[in-house]
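> Can you keep this structure in mind? I'll have questions shortly.
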Amino acid sequence: MAGDEFSELLGRLKERSGLSYGVLGKRLHTSASTLHRYVNGDAVPTDYAPVERFARVCKATPEELVELHRRWVLADALRGQKASGVSGASGVSGV
């Protein structure tokens, strides 16, 4: 699922950085619990900017930044479908 791929990459970046949620939250001016929800796949940010800042603090490569943006777009679209009650049978597959 697109949201799972997005959160999985966030998790890899966080683990590789060696930074705690608390440290990341302070650097990003975001709560640790919000970051935890993103990494666990419980939430998808409505805007890409906090995702990009997260990735840069975690020293993501340019390729990882591109892949993270692609995964965020798909996860964001999936969240929009869930909010409007659209089933998973139609939608953004193949994007």
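Ligands are numbered from 1 in the order shown, chains are lettered A, B, ... in the order of the structure tokens, and residues start at 1 in each chain.
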Which residues, written as a list in words, have at least one atom at most 7 Å from range 60-75 of chain A, with only C-alpha atoms counted and residues fewer than 6 positions away on the same chain left out?
Ala2, Gly3, Glu5, Phe6, Leu9, Leu13 and Val44 of chain A
> Residues at most 8 Å from range 54-59 of chain A, counting only C-alpha atoms, excluding those fewer than 6 positions away in the same chain, as a PyMOL selection string?
chain A and resi 10+13-14+16-17+19+24+27-28+65
> Dump N, CA, C and O atoms for the selected residues as an mmCIF file, in the first residue's frame?

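out.cif, freshly written:
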data_model
loop_
_atom_site.group_PDB
_atom_site.id
_atom_site.type_symbol
_atom_site.label_atom_id
_atom_site.label_comp_id
_atom_site.auth_asym_id
_atom_site.auth_seq_id
_atom_site.Cartn_x
_atom_site.Cartn_y
_atom_site.Cartn_z
ATOM 1 N N LEU A 10 10.366 6.675 5.509
ATOM 2 C CA LEU A 10 10.604 7.600 6.620
ATOM 3 C C LEU A 10 11.308 6.882 7.770
ATOM 4 O O LEU A 10 12.250 7.416 8.363
ATOM 5 N N LEU A 13 14.982 6.277 7.017
ATOM 6 C CA LEU A 13 15.755 7.511 7.153
ATOM 7 C C LEU A 13 15.984 7.853 8.623
ATOM 8 O O LEU A 13 17.091 8.230 9.022
ATOM 9 N N LYS A 14 14.932 7.711 9.429
ATOM 10 C CA LYS A 14 15.049 8.023 10.852
ATOM 11 C C LYS A 14 16.057 7.104 11.527
ATOM 12 O O LYS A 14 16.927 7.556 12.265
ATOM 13 N N ARG A 16 18.519 5.389 10.200
ATOM 14 C CA ARG A 16 19.870 5.652 9.711
ATOM 15 C C ARG A 16 20.463 6.907 10.341
ATOM 16 O O ARG A 16 21.661 6.975 10.593
ATOM 17 N N SER A 17 19.606 7.891 10.618
ATOM 18 C CA SER A 17 20.092 9.154 11.196
ATOM 19 C C SER A 17 20.603 8.961 12.615
ATOM 20 O O SER A 17 21.449 9.718 13.083
ATOM 21 N N LEU A 19 18.911 9.597 15.174
ATOM 22 C CA LEU A 19 18.278 10.627 15.992
ATOM 23 C C LEU A 19 16.970 10.120 16.590
ATOM 24 O O LEU A 19 16.234 9.372 15.944
ATOM 25 N N LEU A 24 14.603 14.967 16.684
ATOM 26 C CA LEU A 24 14.043 15.355 15.386
ATOM 27 C C LEU A 24 12.934 16.391 15.557
ATOM 28 O O LEU A 24 12.874 17.367 14.809
ATOM 29 N N ARG A 27 14.405 19.807 16.216
ATOM 30 C CA ARG A 27 15.036 20.370 15.010
ATOM 31 C C ARG A 27 14.016 20.783 13.972
ATOM 32 O O ARG A 27 14.248 21.701 13.193
ATOM 33 N N LEU A 28 12.879 20.090 13.949
ATOM 34 C CA LEU A 28 11.857 20.363 12.940
ATOM 35 C C LEU A 28 10.707 21.215 13.472
ATOM 36 O O LEU A 28 9.773 21.515 12.730
ATOM 37 N N LEU A 65 15.230 11.702 -1.695
ATOM 38 C CA LEU A 65 14.279 12.822 -1.662
ATOM 39 C C LEU A 65 13.242 12.674 -2.775
ATOM 40 O O LEU A 65 12.046 12.890 -2.545
#
> What does the distance between CA of Gly41 in chain A and CA of Ser7 in chain A come to in Å, to one decimal place?
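CA of Ser7 in chain A lies at a distance of 5.1 Å from CA of Gly41 in chain A.
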> Using DSSP on the backbone coordinates, identify the residues of chain A assigned to alpha helix (DSSP H); present them as number ranges by chain.
A: 2-17, 21-28, 32-40, 49-57, 62-84
> Set the distance at 9 Å and use only C-alpha atoms: which residues neighbour Gly22 in chain A once local chain neighbours fewer than 5 positions away are removed? I'd like the list as a PDB file with all heavy atoms, in the first residue's frame.

ATOM      1  N   ARG A  27      14.405  19.807  16.216  1.00  0.00           N
ATOM      2  CA  ARG A  27      15.036  20.370  15.010  1.00  0.00           C
ATOM      3  C   ARG A  27      14.016  20.783  13.972  1.00  0.00           C
ATOM      4  O   ARG A  27      14.248  21.701  13.193  1.00  0.00           O
ATOM      5  CB  ARG A  27      16.014  19.363  14.407  1.00  0.00           C
ATOM      6  CG  ARG A  27      17.237  19.161  15.264  1.00  0.00           C
ATOM      7  CD  ARG A  27      18.271  18.325  14.562  1.00  0.00           C
ATOM      8  NE  ARG A  27      19.387  18.055  15.468  1.00  0.00           N
ATOM      9  CZ  ARG A  27      20.413  17.308  15.150  1.00  0.00           C
ATOM     10  NH1 ARG A  27      20.485  16.729  13.957  1.00  0.00           N
ATOM     11  NH2 ARG A  27      21.386  17.107  16.020  1.00  0.00           N
ATOM     12  N   SER A  31       6.086  18.137  17.104  1.00  0.00           N
ATOM     13  CA  SER A  31       6.082  17.231  18.253  1.00  0.00           C
ATOM     14  C   SER A  31       6.627  15.860  17.864  1.00  0.00           C
ATOM     15  O   SER A  31       6.475  15.401  16.724  1.00  0.00           O
ATOM     16  CB  SER A  31       4.672  17.081  18.818  1.00  0.00           C
ATOM     17  OG  SER A  31       3.881  16.282  17.967  1.00  0.00           O
ATOM     18  N   ALA A  32       7.256  15.223  18.826  1.00  0.00           N
ATOM     19  CA  ALA A  32       7.777  13.871  18.619  1.00  0.00           C
ATOM     20  C   ALA A  32       6.638  12.917  18.274  1.00  0.00           C
ATOM     21  O   ALA A  32       6.796  12.024  17.443  1.00  0.00           O
ATOM     22  CB  ALA A  32       8.527  13.403  19.864  1.00  0.00           C
ATOM     23  N   SER A  33       5.471  13.109  18.890  1.00  0.00           N
ATOM     24  CA  SER A  33       4.346  12.208  18.628  1.00  0.00           C
ATOM     25  C   SER A  33       3.843  12.343  17.188  1.00  0.00           C
ATOM     26  O   SER A  33       3.443  11.352  16.582  1.00  0.00           O
ATOM     27  CB  SER A  33       3.215  12.436  19.626  1.00  0.00           C
ATOM     28  OG  SER A  33       2.705  13.734  19.522  1.00  0.00           O
TER      29      SER A  33
END
> With distances taken over only C-alpha atoms, which of A:Ala77, A:Glu52, A:Lys82, A:Val39 is nearest to Asp4 in chain A?
A:Val39
> Please indicate the distance in Å from CA of Asp76 in chain A to CA of Pro50 in chain A, rounded to one decimal place.
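The value is 13.5 Å.
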> Which is closest to Pro45 in chain A among A:Tyr21, A:Arg12, A:Gly80, A:Lys26, if we use only C-alpha atoms?
A:Gly80
> Could you jot down the CA of Ser84 in chain A to CA of Tyr48 in chain A separation for me, Å, one decimal place?
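CA of Tyr48 in chain A lies at a distance of 20.6 Å from CA of Ser84 in chain A.
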> Which is closer to Gly25 in chain A than all the others in A:Asn40, A:Glu8, A:Arg53, A:Arg79, using only C-alpha atoms?
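Under the stated criterion, the closest residue is A:Arg53.
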